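See below for run_13.cif, which holds mmCIF, C-alpha atoms.
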```
data_coords
loop_
_atom_site.group_PDB
_atom_site.id
_atom_site.type_symbol
_atom_site.label_atom_id
_atom_site.label_comp_id
_atom_site.auth_asym_id
_atom_site.auth_seq_id
_atom_site.Cartn_x
_atom_site.Cartn_y
_atom_site.Cartn_z
ATOM 1 C CA MET Y 897 64.744 104.450 147.788
ATOM 2 C CA THR Y 898 63.105 103.288 151.005
ATOM 3 C CA ALA Y 899 63.242 106.417 153.175
ATOM 4 C CA SER Y 900 60.515 108.989 152.654
ATOM 5 C CA LEU Y 901 61.474 112.146 150.800
ATOM 6 C CA ARG Y 902 61.385 115.146 153.141
ATOM 7 C CA VAL Y 903 59.228 118.018 151.883
ATOM 8 C CA LEU Y 904 59.195 121.636 153.055
ATOM 9 C CA ILE Y 905 56.110 123.680 152.117
ATOM 10 C CA LEU Y 906 56.386 127.449 151.804
ATOM 11 C CA ASP Y 907 53.254 129.578 151.354
ATOM 12 C CA ASP Y 908 52.217 132.734 153.175
ATOM 13 C CA ASP Y 909 48.569 131.559 153.215
ATOM 14 C CA PHE Y 910 48.397 128.867 155.908
ATOM 15 C CA ARG Y 911 45.174 127.444 154.457
ATOM 16 C CA VAL Y 912 46.846 126.906 151.086
ATOM 17 C CA ALA Y 913 49.868 125.396 152.832
ATOM 18 C CA GLN Y 914 47.590 122.973 154.663
ATOM 19 C CA LEU Y 915 45.954 121.934 151.392
ATOM 20 C CA HIS Y 916 49.346 121.265 149.846
ATOM 21 C CA GLN Y 917 50.412 119.371 152.949
ATOM 22 C CA ALA Y 918 47.352 117.126 152.732
ATOM 23 C CA ILE Y 919 48.113 116.314 149.089
ATOM 24 C CA VAL Y 920 51.769 115.522 149.841
ATOM 25 C CA GLU Y 921 50.959 113.341 152.848
ATOM 26 C CA ASP Y 922 48.448 111.417 150.762
ATOM 27 C CA ARG Y 923 51.209 110.280 148.400
ATOM 28 C CA PRO Y 924 53.446 107.332 149.327
ATOM 29 C CA GLY Y 925 57.134 108.100 149.683
ATOM 30 C CA PHE Y 926 56.801 111.615 151.113
ATOM 31 C CA ALA Y 927 56.884 113.195 154.567
ATOM 32 C CA VAL Y 928 56.249 116.886 155.243
ATOM 33 C CA THR Y 929 58.895 118.262 157.590
ATOM 34 C CA GLU Y 930 57.255 121.650 158.113
ATOM 35 C CA THR Y 931 55.029 124.340 156.610
ATOM 36 C CA VAL Y 932 56.428 127.874 156.713
ATOM 37 C CA ARG Y 933 55.140 131.282 155.650
ATOM 38 C CA SER Y 934 58.239 133.326 154.762
ATOM 39 C CA LEU Y 935 61.661 133.059 153.163
ATOM 40 C CA ALA Y 936 63.310 133.606 156.541
ATOM 41 C CA GLU Y 937 61.407 130.705 158.086
ATOM 42 C CA ALA Y 938 62.176 128.548 155.058
ATOM 43 C CA ARG Y 939 65.904 129.195 155.331
ATOM 44 C CA ASP Y 940 65.869 128.293 159.031
ATOM 45 C CA SER Y 941 63.926 125.114 158.297
ATOM 46 C CA MET Y 942 66.289 124.108 155.511
ATOM 47 C CA ARG Y 943 69.258 124.355 157.826
ATOM 48 C CA SER Y 944 67.622 122.194 160.497
ATOM 49 C CA SER Y 945 65.628 119.629 158.504
ATOM 50 C CA ARG Y 946 67.563 119.438 155.197
ATOM 51 C CA PRO Y 947 64.527 118.741 152.971
ATOM 52 C CA ASP Y 948 64.755 116.832 149.695
ATOM 53 C CA LEU Y 949 62.006 118.833 148.013
ATOM 54 C CA LEU Y 950 60.674 122.362 148.406
ATOM 55 C CA ILE Y 951 57.118 123.279 147.426
ATOM 56 C CA ALA Y 952 56.947 127.056 147.339
ATOM 57 C CA ASP Y 953 54.921 130.034 146.205
ATOM 58 C CA VAL Y 954 56.669 132.612 144.037
ATOM 59 C CA PHE Y 955 55.517 135.864 145.640
ATOM 60 C CA LEU Y 956 56.104 136.011 149.396
ATOM 61 C CA PRO Y 957 55.974 138.811 151.991
ATOM 62 C CA ASP Y 958 59.754 138.991 152.338
ATOM 63 C CA GLY Y 959 60.907 138.168 148.837
ATOM 64 C CA ASP Y 960 60.784 135.855 145.877
ATOM 65 C CA GLY Y 961 60.448 132.056 145.959
ATOM 66 C CA ILE Y 962 62.347 131.618 142.708
ATOM 67 C CA SER Y 963 65.423 133.278 144.195
ATOM 68 C CA LEU Y 964 65.239 130.863 147.129
ATOM 69 C CA VAL Y 965 65.201 127.907 144.758
ATOM 70 C CA ARG Y 966 68.256 129.224 142.949
ATOM 71 C CA GLU Y 967 70.254 129.857 146.127
ATOM 72 C CA SER Y 968 69.279 126.662 147.953
ATOM 73 C CA GLY Y 969 70.078 124.123 145.264
ATOM 74 C CA ILE Y 970 67.166 121.980 146.492
ATOM 75 C CA ASP Y 971 64.739 120.360 144.077
ATOM 76 C CA ALA Y 972 61.610 122.496 144.035
ATOM 77 C CA ILE Y 973 58.070 122.634 142.739
ATOM 78 C CA LEU Y 974 56.878 126.210 142.372
ATOM 79 C CA ILE Y 975 53.168 126.941 142.715
ATOM 80 C CA SER Y 976 51.927 130.404 141.836
ATOM 81 C CA ALA Y 977 49.152 132.486 140.325
ATOM 82 C CA ALA Y 978 51.863 134.003 138.108
ATOM 83 C CA ASP Y 979 51.194 132.660 134.629
ATOM 84 C CA ASP Y 980 53.393 134.964 132.567
ATOM 85 C CA ALA Y 981 56.066 133.370 130.422
ATOM 86 C CA PRO Y 982 59.026 135.353 131.883
ATOM 87 C CA THR Y 983 58.228 134.160 135.426
ATOM 88 C CA VAL Y 984 57.869 130.541 134.320
ATOM 89 C CA ARG Y 985 61.123 130.711 132.345
ATOM 90 C CA ARG Y 986 62.904 132.240 135.323
ATOM 91 C CA ALA Y 987 61.574 129.496 137.592
ATOM 92 C CA LEU Y 988 62.766 126.719 135.320
ATOM 93 C CA ARG Y 989 66.086 128.459 134.735
ATOM 94 C CA SER Y 990 66.568 128.594 138.507
ATOM 95 C CA GLY Y 991 66.267 124.825 138.806
ATOM 96 C CA ALA Y 992 62.595 124.130 139.569
ATOM 97 C CA VAL Y 993 61.583 120.578 138.637
ATOM 98 C CA GLY Y 994 57.953 121.617 138.218
ATOM 99 C CA TYR Y 995 55.670 124.653 137.974
ATOM 100 C CA LEU Y 996 51.924 124.656 138.680
ATOM 101 C CA VAL Y 997 49.681 127.652 138.008
ATOM 102 C CA LYS Y 998 47.016 128.397 140.625
ATOM 103 C CA PRO Y 999 44.278 127.356 140.770
ATOM 104 C CA PHE Y 1000 44.908 123.736 139.826
ATOM 105 C CA ASP Y 1001 43.267 120.388 140.412
ATOM 106 C CA ARG Y 1002 44.873 118.490 143.303
ATOM 107 C CA ARG Y 1003 45.502 115.639 140.878
ATOM 108 C CA ALA Y 1004 48.037 117.840 139.079
ATOM 109 C CA LEU Y 1005 50.235 118.047 142.183
ATOM 110 C CA SER Y 1006 49.647 114.387 143.040
ATOM 111 C CA SER Y 1007 50.726 113.341 139.562
ATOM 112 C CA LEU Y 1008 53.798 115.560 139.663
ATOM 113 C CA LEU Y 1009 54.812 114.129 143.037
ATOM 114 C CA ASP Y 1010 54.399 110.572 141.771
ATOM 115 C CA ARG Y 1011 56.554 111.353 138.738
ATOM 116 C CA TYR Y 1012 59.141 113.013 140.955
ATOM 117 C CA VAL Y 1013 59.493 109.848 143.050
ATOM 118 C CA ARG Y 1014 60.097 107.776 139.917
ATOM 119 C CA TYR Y 1015 62.553 110.393 138.637
ATOM 120 C CA ARG Y 1016 64.486 110.282 141.923
ATOM 121 C CA ASN Y 1017 64.510 106.498 141.932
ATOM 122 C CA LEU Y 1018 65.973 106.384 138.432
ATOM 123 C CA LEU Y 1019 68.728 108.832 139.370
ATOM 124 C CA SER Y 1020 69.470 107.454 142.847
ATOM 125 C CA GLY Y 1021 72.876 106.301 144.027
ATOM 126 C CA ASP Y 1022 76.306 106.934 142.553
ATOM 127 C CA ARG Y 1023 76.179 104.546 139.591
ATOM 128 C CA ALA Y 1024 77.133 105.649 136.110
ATOM 129 C CA LEU Y 1025 74.095 106.482 133.984
ATOM 130 C CA ARG Y 1026 73.458 105.637 130.372
ATOM 131 C CA GLN Y 1027 71.860 108.197 128.095
ATOM 132 C CA ASP Y 1028 68.712 106.059 128.102
ATOM 133 C CA ASP Y 1029 68.525 106.434 131.896
ATOM 134 C CA VAL Y 1030 68.761 110.213 131.636
ATOM 135 C CA ASP Y 1031 66.163 110.372 128.859
ATOM 136 C CA ARG Y 1032 63.753 108.172 130.805
ATOM 137 C CA ALA Y 1033 64.176 110.219 133.992
ATOM 138 C CA LEU Y 1034 63.500 113.511 132.200
ATOM 139 C CA ALA Y 1035 60.534 112.080 130.285
ATOM 140 C CA ILE Y 1036 58.981 110.760 133.496
ATOM 141 C CA LEU Y 1037 59.517 114.017 135.376
ATOM 142 C CA HIS Y 1038 57.917 116.133 132.672
ATOM 143 C CA GLY Y 1039 55.120 113.679 131.888
ATOM 144 C CA ALA Y 1040 56.203 113.367 128.275
ATOM 145 C CA GLY Y 1041 54.798 110.653 126.096
ATOM 146 C CA GLU Y 1042 58.359 109.691 125.259
ATOM 147 C CA PRO Y 1043 61.832 111.185 125.742
ATOM 148 C CA VAL Y 1044 62.277 114.121 123.389
ATOM 149 C CA SER Y 1045 65.930 113.306 122.765
ATOM 150 C CA VAL Y 1046 65.274 109.670 121.881
ATOM 151 C CA SER Y 1047 64.380 108.829 118.304
ATOM 152 C CA ARG Y 1048 61.411 106.605 117.594
ATOM 153 C CA SER Y 1049 63.655 103.683 116.644
ATOM 154 C CA ALA Y 1050 65.532 104.066 119.925
ATOM 155 C CA THR Y 1051 62.259 104.123 121.847
ATOM 156 C CA GLU Y 1052 61.213 100.955 120.065
ATOM 157 C CA GLN Y 1053 64.481 99.376 121.152
ATOM 158 C CA LEU Y 1054 63.628 100.267 124.746
ATOM 159 C CA VAL Y 1055 60.172 98.731 124.289
ATOM 160 C CA LEU Y 1056 61.679 95.518 122.921
ATOM 161 C CA ALA Y 1057 64.199 95.414 125.756
ATOM 162 C CA ALA Y 1058 61.345 95.804 128.232
ATOM 163 C CA LEU Y 1059 59.614 92.763 126.732
ATOM 164 C CA GLY Y 1060 62.744 90.644 127.069
ATOM 165 C CA ASP Y 1061 62.065 86.927 126.688
ATOM 166 C CA GLY Y 1062 58.626 87.087 128.231
ATOM 167 C CA GLU Y 1063 55.350 88.804 127.456
ATOM 168 C CA ALA Y 1064 53.746 91.923 128.841
ATOM 169 C CA SER Y 1065 50.848 94.326 128.413
ATOM 170 C CA ALA Y 1066 51.233 97.866 127.094
ATOM 171 C CA ALA Y 1067 50.780 99.203 130.634
ATOM 172 C CA GLU Y 1068 53.566 96.970 131.965
ATOM 173 C CA VAL Y 1069 55.915 97.971 129.139
ATOM 174 C CA GLY Y 1070 55.142 101.641 129.701
ATOM 175 C CA GLU Y 1071 55.993 101.331 133.378
ATOM 176 C CA ARG Y 1072 59.288 99.578 132.654
ATOM 177 C CA VAL Y 1073 60.367 102.068 130.001
ATOM 178 C CA GLY Y 1074 59.018 105.203 131.682
ATOM 179 C CA ILE Y 1075 56.525 106.181 129.001
ATOM 180 C CA SER Y 1076 52.734 106.370 129.031
ATOM 181 C CA ARG Y 1077 50.570 103.335 128.351
ATOM 182 C CA ALA Y 1078 49.232 105.006 125.181
ATOM 183 C CA THR Y 1079 52.748 105.601 123.858
ATOM 184 C CA ALA Y 1080 53.791 102.035 124.659
ATOM 185 C CA GLN Y 1081 50.644 100.777 122.917
ATOM 186 C CA ARG Y 1082 51.441 102.835 119.822
ATOM 187 C CA HIS Y 1083 54.990 101.488 119.560
ATOM 188 C CA LEU Y 1084 53.895 97.921 120.252
ATOM 189 C CA ALA Y 1085 51.228 98.166 117.558
ATOM 190 C CA ALA Y 1086 53.818 99.457 115.081
ATOM 191 C CA LEU Y 1087 56.186 96.611 115.986
ATOM 192 C CA ALA Y 1088 53.350 94.102 115.633
ATOM 193 C CA ALA Y 1089 52.470 95.499 112.204
ATOM 194 C CA ARG Y 1090 56.062 94.805 111.150
ATOM 195 C CA THR Y 1091 55.838 91.331 112.753
ATOM 196 C CA VAL Y 1092 58.611 92.192 115.196
ATOM 197 C CA VAL Y 1093 56.370 91.261 118.114
ATOM 198 C CA GLU Y 1094 53.500 88.831 118.500
ATOM 199 C CA VAL Y 1095 50.138 89.733 119.991
ATOM 200 C CA ARG Y 1096 47.694 87.484 121.780
ATOM 201 C CA LEU Y 1097 44.486 88.141 123.683
ATOM 202 C CA ASN Y 1098 44.272 87.197 127.341
ATOM 203 C CA TYR Y 1099 40.728 86.932 128.688
ATOM 204 C CA GLY Y 1100 40.653 87.825 132.372
ATOM 205 C CA SER Y 1101 37.963 87.285 134.970
ATOM 206 C CA THR Y 1102 36.063 90.376 133.828
ATOM 207 C CA GLY Y 1103 35.718 88.973 130.332
ATOM 208 C CA ARG Y 1104 37.447 91.968 128.781
ATOM 209 C CA PRO Y 1105 40.402 90.792 126.671
ATOM 210 C CA GLU Y 1106 43.865 92.224 127.288
ATOM 211 C CA HIS Y 1107 46.502 92.445 124.590
ATOM 212 C CA ARG Y 1108 49.742 90.698 125.566
ATOM 213 C CA TYR Y 1109 52.917 91.231 123.586
ATOM 214 C CA ALA Y 1110 56.043 89.116 123.116
ATOM 215 C CA ALA Y 1111 59.101 89.591 120.930
ATOM 216 C CA ARG Y 1112 59.390 87.148 118.029
ATOM 217 C CA THR Y 1113 62.380 84.834 118.257
#
```
Show the structure stored in the file as structure tokens.
Amino acid sequence: MTASLRVLILDDDFRVAQLHQAIVEDRPGFAVTETVRSLAEARDSMRSSRPDLLIADVFLPDGDGISLVRESGIDAILISAADDAPTVRRALRSGAVGYLVKPFDRRALSSLLDRYVRYRNLLSGDRALRQDDVDRALAILHGAGEPVSVSRSATEQLVLAALGDGEASAAEVGERVGISRATAQRHLAALAARTVVEVRLNYGSTGRPEHRYAART
């Protein structure tokens, strides 16, 4: 996916909208099309700019951001001070790909945006998807340590497939599979304990050794 994802920001507080805009524009792969302050403005902007992602507040002067997500069919991240379970459930039920409770550290939105790019990349195009592809995309989007619908043995198969005929670090395997480095490390250690993979230490320029893994032949 080479073209930047178009983002529309909806918040009735222009200062908050500007903060969100700065975070989005700091992430590679995104371009803010517009910041708007009402549902009416958002609908007009959607018709003209056709955004890929909507970042919206829930409570707005002329209505409800969750309803807009449901009617628009556009991927959305909802950001709100509303922290009650019914509102969060309603947001997710309406199709939001993420929900952040105000106030939050800017790294939370940055991380969610980065995961969203990887999620979109995995599900891009018109190709047929395997279940593993779907599981990886959902795990990446939600920041899970590993796909909830994949058993541990299946995850280990993905880890082994990621190693292939070469060798890699836990961080490299995690990136290939779509799981965290810590999760990849845990599975690689378990495979090494069963002598399914080999481990060697690679001493870099800093002097700190790095574990490198390779599947046994």
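Residues surrounding Arg1072 in chain Y within 9 Å are Val1055, Ala1058, Ala1067 and Glu1068 of chain Y [all atoms listed in the file; sequence separation below 4 positions excluded].
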Would you write out those residues with C-alpha atoms, as a tab-separated table (two decimals), in the frame of the given file?
```
chain	number	residue	atom	x	y	z
Y	1055	VAL	CA	60.17	98.73	124.29
Y	1058	ALA	CA	61.34	95.80	128.23
Y	1067	ALA	CA	50.78	99.20	130.63
Y	1068	GLU	CA	53.57	96.97	131.96
```
Range 990-1101 of chain Y residues near range 935-950 of chain Y within 12 Å, closest pair each, using all atoms listed in the file, as a tab-separated table:
```
residue	atom	partner	partner_atom	distance
Y:Gly991	CA	Y:Leu950	CA	11.4
Y:Ala992	CA	Y:Leu950	CA	9.2
Y:Val993	CA	Y:Leu949	CA	9.5
Y:Gly994	CA	Y:Leu950	CA	10.6
Y:Tyr995	CA	Y:Leu950	CA	11.8
Y:Leu1009	CA	Y:Leu949	CA	9.9
Y:Tyr1012	CA	Y:Leu949	CA	9.6
Y:Val1013	CA	Y:Leu949	CA	10.6
Y:Arg1016	CA	Y:Asp948	CA	10.2
```
So that I have them on file, write out the residues from the current selection with C-alpha atoms, as a compact mmCIF listing (two decimals), in the frame of the given file.
```txt
# COMPACT_ATOMS: atom_id res chain seq x y z
CA GLY Y 991 66.27 124.82 138.81
CA ALA Y 992 62.60 124.13 139.57
CA VAL Y 993 61.58 120.58 138.64
CA GLY Y 994 57.95 121.62 138.22
CA TYR Y 995 55.67 124.65 137.97
CA LEU Y 1009 54.81 114.13 143.04
CA TYR Y 1012 59.14 113.01 140.96
CA VAL Y 1013 59.49 109.85 143.05
CA ARG Y 1016 64.49 110.28 141.92
```
Explicit residue set for the PyMOL selection byres ((chain Y and resi 1109) around 9), as a ChimeraX atom specification: /Y:1059,1062-1066,1084,1088,1093-1097,1107-1108,1110-1111
Mind running range 994-1017 of chain Y against range 912-924 of chain Y at 8 Å and telling me each contacting residue's nearest atom pair with the distance in Å (one decimal), counting all atoms listed in the file, chain and number ascending, as JSON lines?
```
{"residue": "Y:Arg1002", "atom": "CA", "partner": "Y:Ile919", "partner_atom": "CA", "distance": 7.0}
{"residue": "Y:Leu1005", "atom": "CA", "partner": "Y:Ile919", "partner_atom": "CA", "distance": 7.4}
{"residue": "Y:Ser1006", "atom": "CA", "partner": "Y:Ile919", "partner_atom": "CA", "distance": 6.5}
{"residue": "Y:Leu1009", "atom": "CA", "partner": "Y:Arg923", "partner_atom": "CA", "distance": 7.5}
{"residue": "Y:Asp1010", "atom": "CA", "partner": "Y:Arg923", "partner_atom": "CA", "distance": 7.4}
```
Residue members of the PyMOL selection byres ((chain Y and resi 1053) around 12) in the file shown, as a list in words: Asp1028, Val1046, Ser1047, Arg1048, Ser1049, Ala1050, Thr1051, Glu1052, Leu1054, Val1055, Leu1056, Ala1057, Ala1058, Leu1059, Gly1060, Val1069, Val1073, Ala1080, His1083, Leu1084, Leu1087, Val1092, Val1093 and Ala1111 of chain Y
Distance query Leu964 in chain Y at most 12 Å, all atoms listed in the file, self and fewer than 3 positions along chain excluded, as a ChimeraX atom specification: /Y:906,934-939,942,950-956,958-961,967-974,987,990-992
Could you write out the selected residues, including C-alpha atoms, as a PDB file, in the coordinates of the input?
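Output file result-v6.pdb is given in full below:
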```pdb
ATOM      1  CA  LEU Y 906      56.386 127.449 151.804  1.00  0.00           C
ATOM      2  CA  SER Y 934      58.239 133.326 154.762  1.00  0.00           C
ATOM      3  CA  LEU Y 935      61.661 133.059 153.163  1.00  0.00           C
ATOM      4  CA  ALA Y 936      63.310 133.606 156.541  1.00  0.00           C
ATOM      5  CA  GLU Y 937      61.407 130.705 158.086  1.00  0.00           C
ATOM      6  CA  ALA Y 938      62.176 128.548 155.058  1.00  0.00           C
ATOM      7  CA  ARG Y 939      65.904 129.195 155.331  1.00  0.00           C
ATOM      8  CA  MET Y 942      66.289 124.108 155.511  1.00  0.00           C
ATOM      9  CA  LEU Y 950      60.674 122.362 148.406  1.00  0.00           C
ATOM     10  CA  ILE Y 951      57.118 123.279 147.426  1.00  0.00           C
ATOM     11  CA  ALA Y 952      56.947 127.056 147.339  1.00  0.00           C
ATOM     12  CA  ASP Y 953      54.921 130.034 146.205  1.00  0.00           C
ATOM     13  CA  VAL Y 954      56.669 132.612 144.037  1.00  0.00           C
ATOM     14  CA  PHE Y 955      55.517 135.864 145.640  1.00  0.00           C
ATOM     15  CA  LEU Y 956      56.104 136.011 149.396  1.00  0.00           C
ATOM     16  CA  ASP Y 958      59.754 138.991 152.338  1.00  0.00           C
ATOM     17  CA  GLY Y 959      60.907 138.168 148.837  1.00  0.00           C
ATOM     18  CA  ASP Y 960      60.784 135.855 145.877  1.00  0.00           C
ATOM     19  CA  GLY Y 961      60.448 132.056 145.959  1.00  0.00           C
ATOM     20  CA  GLU Y 967      70.254 129.857 146.127  1.00  0.00           C
ATOM     21  CA  SER Y 968      69.279 126.662 147.953  1.00  0.00           C
ATOM     22  CA  GLY Y 969      70.078 124.123 145.264  1.00  0.00           C
ATOM     23  CA  ILE Y 970      67.166 121.980 146.492  1.00  0.00           C
ATOM     24  CA  ASP Y 971      64.739 120.360 144.077  1.00  0.00           C
ATOM     25  CA  ALA Y 972      61.610 122.496 144.035  1.00  0.00           C
ATOM     26  CA  ILE Y 973      58.070 122.634 142.739  1.00  0.00           C
ATOM     27  CA  LEU Y 974      56.878 126.210 142.372  1.00  0.00           C
ATOM     28  CA  ALA Y 987      61.574 129.496 137.592  1.00  0.00           C
ATOM     29  CA  SER Y 990      66.568 128.594 138.507  1.00  0.00           C
ATOM     30  CA  GLY Y 991      66.267 124.825 138.806  1.00  0.00           C
ATOM     31  CA  ALA Y 992      62.595 124.130 139.569  1.00  0.00           C
TER      32      ALA Y 992
END
```
